[in-house]
Amino acid sequence: MVSITNHLPTAELQALDAAHHMHPFTANGELAEKGVRIITRASGVTLTDSEGNEILDGMAGLWCVNIGYGRDELADVAARQMRELPYYNTFFQTTHVPSIALAAKIAELAPGDLNHVFFASGGSEANDTNIRMVRHYWALKGKPTKSVIIARENAYHGSSVGSGSLGGMKPMHEQGGLPIPDVHHIGQPYWWAEGGDMTPEAFGLKRAQELEEAILEMGEDRVAAFIAEPVQGAGGVIIPPSTYWPEIQRICDKYEILLIVDEVICGFGRTGKWFASNTFDIRPDIITIAKGLSSGYAAIGGSIVTDEIADVIGSDEFNHGYTYSGHPVAAAVALENLRILEEENVLGYVNDTAAPYLKEKWEGLTDHPLVGEACISGMMASIALTPDKSSRAAFEAEAGTVGYICRERCFANNLIMRHVGDRMVISPPLIITLAEIDTLIERTLKSLDECLGILKRDGLYKAAA
């Protein structure tokens with residue numbers, strides 16, 4: 001039996017990793033010189049590395065470990081399912097009990113008449129499915145020219161060719177010939193950096209109306225769908241102004257444009273409700289899901305679609321699918337995760353206890369000289385770092401320089417906090433205790449203080465001209 005426990009010294013593990021393992025979104029050569037941090041175990045909201053350091057995971061892995069680490073129930077369910085039926089596909093007019101049960105449970109939880117699920121292994125695959133599905137839907141409706149999908153700048157919808165094209169991340173588009181044809185991007189509702197002298201409400205309307213302008217410019221007969229995250233996650237936890245989503249909904253309804261709401265990050269309790277579509281009163285035609293569906297314990301994602309879309313797609317053979325669509329082990333794990341969220345009233349804890357407490361503590365960070373704004377929705381939050389709060393100024397240094405320094409100080413203080421440019425973001429497990437929130441805030445303040453000291457020492461505490 002091959003052991004996969006931490007049986008080697010950290011330096012040897014780092015050398016093996018550098019020799020053979022290619023990391024995502026990483027300059028692997030630089031990482032090899034620095035040496036990776038090796039996580040060996042986890043429990044609750046705490047990670048332990050190969051040196052024995054205990055680290056508070058303020059990012060719930062990659063926005064996904066909603067019920068926290070170390071839940072034996074999910075391991076037991078996975079083991080039982082592996083013994084009963086470790087794998088079978090859902091091609092060839094075949095199915096199995098876990099995928100049936102999970103699809104039915106998701107339909108029960110989803111808003112409106114979103115009663116059908118096409119399973120994938122993650123969010124990237126699911127959004128690729130959405131591209132295929134909306135274009136085939138309109139073709140079956142006799143409108144094959146409706147093929148353009150409108151998305152937003154600085155959005156993240158995955159990193160495959162299709163989903164990476166939907167996303168509006170310029171560094172991704174600079175590699176690999178992205179975006180693919182018939183994907184169009186409009187501005188993001190990021191008031192702090194782009195709102196100028198407008199009020200947030202006026203800016204939210206303006207950015208939403210860019211969708212209408214794009215539809216009119218290209219022609220309603222060309223536009224198939226609009227895709228957006230309720231809250232931009234990887235873009236920096238950007239919460240749109242209150243005027244944004246109602247106007248987006250109005251425009252999609254007026255012009256018969258399918259609305260795809262990407263809830264890969266926001267779904268399954270992250271904003272305090274099962275779906276952020278409930279939080280922001282959005283009526284999607286398709287919801288993209290992954291991450292919190294299984295709390296990251298197994299790789300699974302999917303597209304939840306309305307009765308109308310399912311009926312139209314079901315009228316013809318849909319030449320699309322994945323080997324692991326509705327994988328029985330992943331589906332069984334996801335079902336158990338949803339049971340825990342429901343029976344342990346995790347969403348009630350978020351709404352009544354954890355989120356209000358985190359909100360109070362998080363918004364207090366604006367008292368720090370380095371913090372310009374603090375945004376929060378449920379259990380996802382961000383702070384904008386700035387050298388001048390009054391003017392919402394950017395730093396003179398290249399974007400991300402200050403954020404990276406702050407992130408490194410967080411890591412040094414045993415706190416996982418991510419930087420997106422010069423915004424710091426968190427998305428902790430939903431089960432984080434109030435005492436652990438206090439620890440998160442204490443380590444954040446310590447890291448901010450240390451970051452500010454470095455900026456002053458190195459002459460980086462300057463506003464851009």
# chains A, B, ... in the order shown; residues from 1 in each chain; ligands from 1
call {"tool": "select_by_dssp", "arguments": {"residues": "stretch 43-156 of chain A", "states": "strand (DSSP E)", "output": "PyMOL selection string"}}
result
chain A and resi 43+46-49+54-57+114-120+148-152
call {"tool": "residues_around", "arguments": {"residues": "A:Tyr324", "least_positions_apart": "3", "cutoff": "9 Å", "atoms": "only C-alpha atoms", "output": "mmCIF file with C-alpha atoms, in the first residue's frame"}}
result
data_model
loop_
_atom_site.group_PDB
_atom_site.id
_atom_site.type_symbol
_atom_site.label_atom_id
_atom_site.label_comp_id
_atom_site.auth_asym_id
_atom_site.auth_seq_id
_atom_site.Cartn_x
_atom_site.Cartn_y
_atom_site.Cartn_z
ATOM 1 C CA TYR A 87 -18.679 4.692 -10.995
ATOM 2 C CA TYR A 88 -21.110 4.484 -13.818
ATOM 3 C CA ASN A 89 -21.912 7.008 -16.505
ATOM 4 C CA THR A 90 -25.232 8.674 -17.287
ATOM 5 C CA PHE A 119 -24.183 17.731 -14.067
ATOM 6 C CA ALA A 120 -20.502 18.515 -14.614
ATOM 7 C CA SER A 121 -17.304 18.104 -12.595
ATOM 8 C CA ILE A 300 -18.982 18.272 -8.886
ATOM 9 C CA GLY A 321 -21.753 15.504 -21.929
ATOM 10 C CA HIS A 327 -20.536 10.827 -10.771
ATOM 11 C CA PRO A 328 -22.165 8.599 -8.123
#
call {"tool": "atom_distance", "arguments": {"atom1": "atom CA of A:Gln188", "atom2": "atom CA of A:Arg207"}}
result
6.6 Å
call {"tool": "residues_around", "arguments": {"residues": "A:Lys206", "least_positions_apart": "2", "cutoff": "12 Å", "atoms": "only C-alpha atoms", "output": "MDAnalysis selection string"}}
result
chainID A and resid 186:191 194:195 198:204 208:213 240:241 243:245 247:248
call {"tool": "residues_around", "arguments": {"residues": "A:Leu440", "least_positions_apart": "5", "cutoff": "8 Å", "atoms": "only C-alpha atoms", "output": "PyMOL selection string"}}
result
chain A and resi 56+58+415
call {"tool": "write_last_selection", "arguments": {"atoms": "all heavy atoms", "output": "PDB file, in the first residue's frame"}}
result
ATOM      1  N   LEU A  56      -5.568  29.758  10.022  1.00  0.00           N
ATOM      2  CA  LEU A  56      -6.996  30.012   9.869  1.00  0.00           C
ATOM      3  C   LEU A  56      -7.299  30.220   8.390  1.00  0.00           C
ATOM      4  O   LEU A  56      -6.752  31.144   7.765  1.00  0.00           O
ATOM      5  CB  LEU A  56      -7.416  31.241  10.691  1.00  0.00           C
ATOM      6  CG  LEU A  56      -8.915  31.411  10.925  1.00  0.00           C
ATOM      7  CD1 LEU A  56      -9.164  32.280  12.150  1.00  0.00           C
ATOM      8  CD2 LEU A  56      -9.628  32.019   9.728  1.00  0.00           C
ATOM      9  N   GLY A  58      -9.231  31.670   5.873  1.00  0.00           N
ATOM     10  CA  GLY A  58     -10.216  32.705   5.597  1.00  0.00           C
ATOM     11  C   GLY A  58     -10.816  32.621   4.216  1.00  0.00           C
ATOM     12  O   GLY A  58     -11.665  33.445   3.864  1.00  0.00           O
ATOM     13  N   LEU A 415      -2.862  33.324   8.496  1.00  0.00           N
ATOM     14  CA  LEU A 415      -4.199  33.634   8.018  1.00  0.00           C
ATOM     15  C   LEU A 415      -4.204  33.539   6.492  1.00  0.00           C
ATOM     16  O   LEU A 415      -3.381  34.180   5.828  1.00  0.00           O
ATOM     17  CB  LEU A 415      -4.610  35.058   8.441  1.00  0.00           C
ATOM     18  CG  LEU A 415      -5.890  35.607   7.809  1.00  0.00           C
ATOM     19  CD1 LEU A 415      -7.100  34.785   8.226  1.00  0.00           C
ATOM     20  CD2 LEU A 415      -6.084  37.075   8.175  1.00  0.00           C
TER      21      LEU A 415
END
call {"tool": "residues_around", "arguments": {"residues": "A:Leu335", "least_positions_apart": "6", "cutoff": "9 Å", "atoms": "only C-alpha atoms", "output": "JSON, numbers by chain"}}
result
{"A": [98, 101, 102, 105, 293, 294]}
call {"tool": "residues_around", "arguments": {"residues": "A:Gly269", "least_positions_apart": "6", "cutoff": "10 Å", "atoms": "only C-alpha atoms", "output": "number ranges by chain"}}
result
A: 66-67, 275-276, 292-293, 341, 346-348, 350-351, 378-379, 430
call {"tool": "select_by_dssp", "arguments": {"residues": "stretch 33-238 of chain A", "states": "helix (DSSP H, G or I)", "output": "PyMOL selection string"}}
result
chain A and resi 33-34+60-63+72-84+97-109+123-140+161-166+170-173+191-194+200-218
call {"tool": "atom_distance", "arguments": {"atom1": "atom CA of A:Ala11", "atom2": "atom CA of A:Ile454"}}
result
28.3 Å
call {"tool": "residues_around", "arguments": {"residues": "A:Arg392", "least_positions_apart": "2", "cutoff": "8 Å", "atoms": "only C-alpha atoms", "output": "VMD selection string"}}
result
chain A and resid 192 to 193 372 386 388 to 390 394
call {"tool": "write_last_selection", "arguments": {"atoms": "all heavy atoms", "output": "mmCIF file, in the first residue's frame"}}
result
data_model
loop_
_atom_site.group_PDB
_atom_site.id
_atom_site.type_symbol
_atom_site.label_atom_id
_atom_site.label_comp_id
_atom_site.auth_asym_id
_atom_site.auth_seq_id
_atom_site.Cartn_x
_atom_site.Cartn_y
_atom_site.Cartn_z
ATOM 1 N N TRP A 192 -16.240 51.537 -6.506
ATOM 2 C CA TRP A 192 -15.067 52.064 -5.800
ATOM 3 C C TRP A 192 -13.974 52.508 -6.770
ATOM 4 O O TRP A 192 -13.426 53.602 -6.648
ATOM 5 C CB TRP A 192 -14.501 51.019 -4.835
ATOM 6 C CG TRP A 192 -13.164 51.398 -4.247
ATOM 7 C CD1 TRP A 192 -11.934 51.031 -4.710
ATOM 8 C CD2 TRP A 192 -12.928 52.260 -3.138
ATOM 9 N NE1 TRP A 192 -10.946 51.590 -3.939
ATOM 10 C CE2 TRP A 192 -11.525 52.361 -2.964
ATOM 11 C CE3 TRP A 192 -13.750 52.950 -2.262
ATOM 12 C CZ2 TRP A 192 -10.952 53.108 -1.954
ATOM 13 C CZ3 TRP A 192 -13.170 53.702 -1.239
ATOM 14 C CH2 TRP A 192 -11.789 53.783 -1.096
ATOM 15 N N ALA A 193 -13.684 51.677 -7.768
ATOM 16 C CA ALA A 193 -12.571 51.968 -8.678
ATOM 17 C C ALA A 193 -13.001 52.719 -9.930
ATOM 18 O O ALA A 193 -12.192 53.420 -10.530
ATOM 19 C CB ALA A 193 -11.877 50.672 -9.084
ATOM 20 N N GLY A 372 -9.830 51.661 2.585
ATOM 21 C CA GLY A 372 -10.744 52.675 2.076
ATOM 22 C C GLY A 372 -12.197 52.295 2.184
ATOM 23 O O GLY A 372 -13.034 53.113 2.558
ATOM 24 N N THR A 386 -5.861 51.532 0.015
ATOM 25 C CA THR A 386 -5.664 52.808 -0.659
ATOM 26 C C THR A 386 -4.738 53.708 0.146
ATOM 27 O O THR A 386 -4.728 53.641 1.379
ATOM 28 C CB THR A 386 -7.023 53.536 -0.863
ATOM 29 O OG1 THR A 386 -6.813 54.806 -1.483
ATOM 30 C CG2 THR A 386 -7.749 53.750 0.457
ATOM 31 N N ASP A 388 -5.175 56.945 -0.001
ATOM 32 C CA ASP A 388 -5.981 58.151 0.216
ATOM 33 C C ASP A 388 -7.463 57.785 0.143
ATOM 34 O O ASP A 388 -8.032 57.640 -0.944
ATOM 35 C CB ASP A 388 -5.650 59.208 -0.840
ATOM 36 C CG ASP A 388 -6.349 60.542 -0.583
ATOM 37 O OD1 ASP A 388 -7.255 60.591 0.277
ATOM 38 O OD2 ASP A 388 -6.005 61.530 -1.259
ATOM 39 N N LYS A 389 -8.098 57.648 1.311
ATOM 40 C CA LYS A 389 -9.495 57.236 1.369
ATOM 41 C C LYS A 389 -10.419 58.243 0.693
ATOM 42 O O LYS A 389 -11.372 57.872 0.013
ATOM 43 C CB LYS A 389 -9.942 57.088 2.826
ATOM 44 C CG LYS A 389 -9.204 56.074 3.659
ATOM 45 C CD LYS A 389 -9.615 56.218 5.120
ATOM 46 C CE LYS A 389 -8.794 55.402 6.072
ATOM 47 N NZ LYS A 389 -9.431 54.131 6.422
ATOM 48 N N SER A 390 -10.166 59.525 0.906
ATOM 49 C CA SER A 390 -11.102 60.556 0.454
ATOM 50 C C SER A 390 -11.261 60.583 -1.053
ATOM 51 O O SER A 390 -12.347 60.856 -1.571
ATOM 52 C CB SER A 390 -10.657 61.940 0.954
ATOM 53 O OG SER A 390 -9.387 62.265 0.412
ATOM 54 N N ALA A 394 -5.777 55.023 -6.220
ATOM 55 C CA ALA A 394 -4.952 53.828 -6.397
ATOM 56 C C ALA A 394 -3.524 54.146 -5.969
ATOM 57 O O ALA A 394 -3.136 55.314 -5.841
ATOM 58 C CB ALA A 394 -4.977 53.402 -7.858
#
